[in-house]
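File shown: target29.tsv. Contents: TSV, C-alpha atoms.
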```
chain	number	residue	atom	x	y	z
E	1	MET	CA	7.56	68.31	62.87
E	2	LYS	CA	6.71	65.21	60.84
E	3	SER	CA	9.85	65.54	58.72
E	4	ARG	CA	11.96	65.97	61.84
E	5	ASP	CA	10.38	62.80	63.29
E	6	ALA	CA	11.46	60.96	60.16
E	7	VAL	CA	14.98	62.36	60.47
E	8	ILE	CA	15.15	61.28	64.12
E	9	ARG	CA	14.00	57.77	63.20
E	10	LEU	CA	16.64	57.66	60.48
E	11	LYS	CA	19.34	58.85	62.89
E	12	ARG	CA	18.29	56.30	65.50
E	13	PHE	CA	18.51	53.61	62.84
E	14	GLU	CA	21.98	54.83	61.85
E	15	VAL	CA	23.09	54.86	65.49
E	16	ASP	CA	21.77	51.32	65.98
E	17	GLU	CA	23.59	50.14	62.86
E	18	LYS	CA	26.85	51.76	63.95
E	19	ARG	CA	26.45	50.31	67.46
E	20	ARG	CA	25.94	46.84	65.95
E	21	LYS	CA	29.05	47.31	63.82
E	22	VAL	CA	31.09	48.20	66.92
E	23	GLU	CA	29.70	45.18	68.76
E	24	ASP	CA	30.45	42.89	65.80
E	25	ILE	CA	34.04	44.08	65.58
E	26	GLU	CA	34.48	43.68	69.34
E	27	ALA	CA	33.10	40.14	69.09
E	28	MET	CA	35.48	39.30	66.23
E	29	ILE	CA	38.43	40.63	68.21
E	30	GLY	CA	37.36	38.53	71.19
E	31	GLU	CA	37.07	35.40	69.05
E	32	LEU	CA	40.45	35.95	67.43
E	33	ASN	CA	42.07	36.54	70.83
E	34	THR	CA	40.52	33.33	72.11
E	35	MET	CA	41.84	31.44	69.10
E	36	ALA	CA	45.32	32.93	69.65
E	37	THR	CA	45.23	31.89	73.31
E	38	ASP	CA	44.28	28.36	72.27
E	39	LEU	CA	47.16	28.30	69.81
E	40	ASP	CA	49.56	29.49	72.53
E	41	ARG	CA	48.40	26.60	74.69
E	42	GLN	CA	48.84	24.12	71.83
E	43	ILE	CA	52.31	25.49	71.07
E	44	SER	CA	53.34	25.05	74.71
E	45	ILE	CA	51.99	21.51	74.80
E	46	GLU	CA	53.80	20.61	71.57
E	47	GLN	CA	57.07	22.14	72.78
E	48	GLU	CA	56.77	20.25	76.05
E	49	ARG	CA	55.98	17.01	74.24
E	50	ALA	CA	58.97	17.41	71.90
E	51	GLY	CA	61.26	18.72	74.61
E	52	VAL	CA	62.41	21.54	72.30
E	53	SER	CA	61.44	25.18	72.74
E	54	ASP	CA	64.00	26.77	70.40
E	55	VAL	CA	62.24	27.57	67.12
E	56	ASN	CA	65.57	27.41	65.26
E	57	HIS	CA	66.43	23.95	66.57
E	58	TYR	CA	66.34	21.24	63.89
E	59	ALA	CA	64.00	19.07	66.00
E	60	TYR	CA	61.47	21.86	66.68
E	61	PRO	CA	57.98	20.52	65.95
E	62	THR	CA	56.52	21.47	62.57
E	63	PHE	CA	53.06	21.72	64.11
E	64	ALA	CA	54.34	24.31	66.59
E	65	LYS	CA	55.95	26.35	63.78
E	66	ALA	CA	52.67	26.33	61.87
E	67	ALA	CA	50.72	27.24	65.02
E	68	ILE	CA	53.09	30.15	65.68
E	69	GLN	CA	52.49	31.42	62.14
E	70	ARG	CA	48.70	31.14	62.58
E	71	ARG	CA	48.92	32.91	65.95
E	72	ASP	CA	50.96	35.73	64.40
E	73	ASN	CA	48.44	36.03	61.57
E	74	LEU	CA	45.65	36.27	64.15
E	75	ALA	CA	47.57	39.00	65.99
E	76	ASN	CA	47.89	40.94	62.73
E	77	SER	CA	44.19	40.53	62.09
E	78	VAL	CA	43.41	41.79	65.59
E	79	SER	CA	45.59	44.85	64.98
E	80	GLY	CA	43.68	45.60	61.80
E	81	LEU	CA	40.35	45.10	63.53
E	82	GLU	CA	41.38	47.37	66.39
E	83	ALA	CA	41.99	50.16	63.87
E	84	LYS	CA	38.57	49.48	62.35
E	85	LEU	CA	37.06	49.43	65.84
E	86	ALA	CA	38.51	52.85	66.65
E	87	ALA	CA	37.06	54.24	63.40
E	88	ALA	CA	33.69	52.58	64.04
E	89	ARG	CA	33.56	54.02	67.56
E	90	GLY	CA	34.33	57.46	66.13
E	91	ASP	CA	31.50	57.04	63.61
E	92	LEU	CA	29.16	55.96	66.40
E	93	ASP	CA	30.09	58.96	68.54
E	94	GLU	CA	29.44	61.31	65.60
E	95	ALA	CA	26.09	59.70	64.88
E	96	LEU	CA	25.09	59.97	68.55
E	97	GLU	CA	26.00	63.67	68.59
E	98	GLU	CA	23.98	64.30	65.42
E	99	MET	CA	21.00	62.46	66.89
E	100	LYS	CA	21.23	64.45	70.14
E	101	LYS	CA	21.29	67.73	68.21
E	102	ILE	CA	18.20	66.78	66.25
E	103	GLU	CA	16.39	65.61	69.39
E	104	LEU	CA	17.22	68.90	71.11
E	105	LEU	CA	15.84	70.80	68.13
E	106	GLN	CA	12.69	68.73	68.29
E	107	GLU	CA	12.31	69.40	72.02
E	108	ARG	CA	12.83	73.12	71.44
E	109	ASP	CA	10.21	73.12	68.67
E	110	ALA	CA	7.77	71.22	70.89
E	111	GLU	CA	8.22	73.76	73.70
E	112	ARG	CA	7.72	76.63	71.24
E	113	LEU	CA	4.52	75.01	69.97
E	114	LYS	CA	3.23	74.61	73.53
E	115	ILE	CA	3.79	78.31	74.14
E	116	GLU	CA	2.32	79.39	70.80
E	117	ASN	CA	-0.65	76.98	70.92
E	118	PRO	CA	-1.57	76.27	74.54
E	119	THR	CA	-4.03	73.47	75.22
E	120	PRO	CA	-7.55	74.45	76.34
E	121	GLU	CA	-6.75	73.19	79.85
E	122	LEU	CA	-3.79	75.55	80.12
E	123	VAL	CA	-5.84	78.45	78.77
E	124	ALA	CA	-8.57	77.73	81.35
E	125	LEU	CA	-5.98	77.45	84.12
E	126	GLY	CA	-4.44	80.77	83.09
E	127	ALA	CA	-7.87	82.44	83.02
E	128	HIS	CA	-8.70	80.96	86.41
E	129	ARG	CA	-5.46	82.29	87.92
E	130	ALA	CA	-6.00	85.71	86.36
E	131	ALA	CA	-9.53	85.91	87.82
E	132	GLY	CA	-8.44	84.61	91.21
```
Take the structure in this file and express it as structure tokens.
Amino acid sequence: MKSRDAVIRLKRFEVDEKRRKVEDIEAMIGELNTMATDLDRQISIEQERAGVSDVNHYAYPTFAKAAIQRRDNLANSVSGLEAKLAAARGDLDEALEEMKKIELLQERDAERLKIENPTPELVALGAHRAAG
């Protein structure tokens, strides 16, 4: 039982670590999306200020071109992180399943021990019922 307790603690630790990893990736995706939204806003403001919205126009603002490139880079980063997020969620699900299996085994062992080694109160209760 003691070794199984250690395994359960280890699995819980692994699950917590994997959960933190998922949360960290989700937070990074959120931050990058926020940054991309800010860049979209800045691009619109710059286009409005310059009066040119055609990227191929000779008078298109350099700042807007650079912001578009940064926004596209952020979008690529988000795509990569979403793939990592899917993998991390899969790892978390696997770890949760493993932990549940071990906890079920521990519960089954605990029930078996109760049946094999009843407490004195249960023995007395059984004797009382048998006599009654």
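Reported to one decimal place, the separation of CA of Leu85 (chain E) from CA of Met35 (chain E) is 18.9 Å.
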Pick from E:Asp5, E:Ser79, E:Ser53, E:Arg41 nearest to Leu105 (chain E), counting only C-alpha atoms: E:Asp5
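For the residues E:Ala87, E:Thr37, E:His57, E:Asp109, ranking by smallest atom-to-atom distance to Lys21 (chain E) using only C-alpha atoms places E:Ala87 first.
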Residues within 12 Å of (26.8, 46.8, 63.4), file coords, only C-alpha atoms, listed as a count of residues only: 21
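Shortest atom-to-atom contact with Ala6 (chain E) among E:Arg71, E:Ile115, E:Gln106, E:Ile43: E:Gln106, counting all atoms listed in the file.
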Point-to-point distance in Å for CA of Leu81 (chain E) and CA of Leu32 (chain E): 9.9 Å
Atomic separation - CA of Ile102 (chain E) relative to CA of Lys11 (chain E), Å: 8.7 Å
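The nearest approach to Ile29 (chain E) among the residues E:Ala64, E:Tyr58, E:Gln47, E:Glu82, with only C-alpha atoms taken into account, belongs to E:Glu82.
Shortest separation to Asp38 (chain E) among E:Val55, E:Val7, E:Ala67, E:Leu113 occurs at residue E:Ala67, atoms counted being only C-alpha atoms.
Around Leu104 (chain E), within 12 Å and counting only C-alpha atoms, the residues found are Arg4, Ile8, Glu97, Glu98, Ala110 and Glu111 of chain E, once anything fewer than 6 positions away on its own chain is removed.
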For the residues in that selection, give me C-alpha atoms as a tab-separated table (two decimals), in the coordinates of the input.
```
chain	number	residue	atom	x	y	z
E	4	ARG	CA	11.96	65.97	61.84
E	8	ILE	CA	15.15	61.28	64.12
E	97	GLU	CA	26.00	63.67	68.59
E	98	GLU	CA	23.98	64.30	65.42
E	110	ALA	CA	7.77	71.22	70.89
E	111	GLU	CA	8.22	73.76	73.70
```
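Residues in contact with Ala66 (chain E) at 12 Å, where only C-alpha atoms are counted and same-chain residues fewer than 3 positions away are skipped, are listed as Leu39, Asp40, Gln42, Ile43, Glu46, Val55, Tyr60, Pro61, Thr62, Phe63, Gln69, Arg70, Arg71, Asp72 and Asn73 of chain E.
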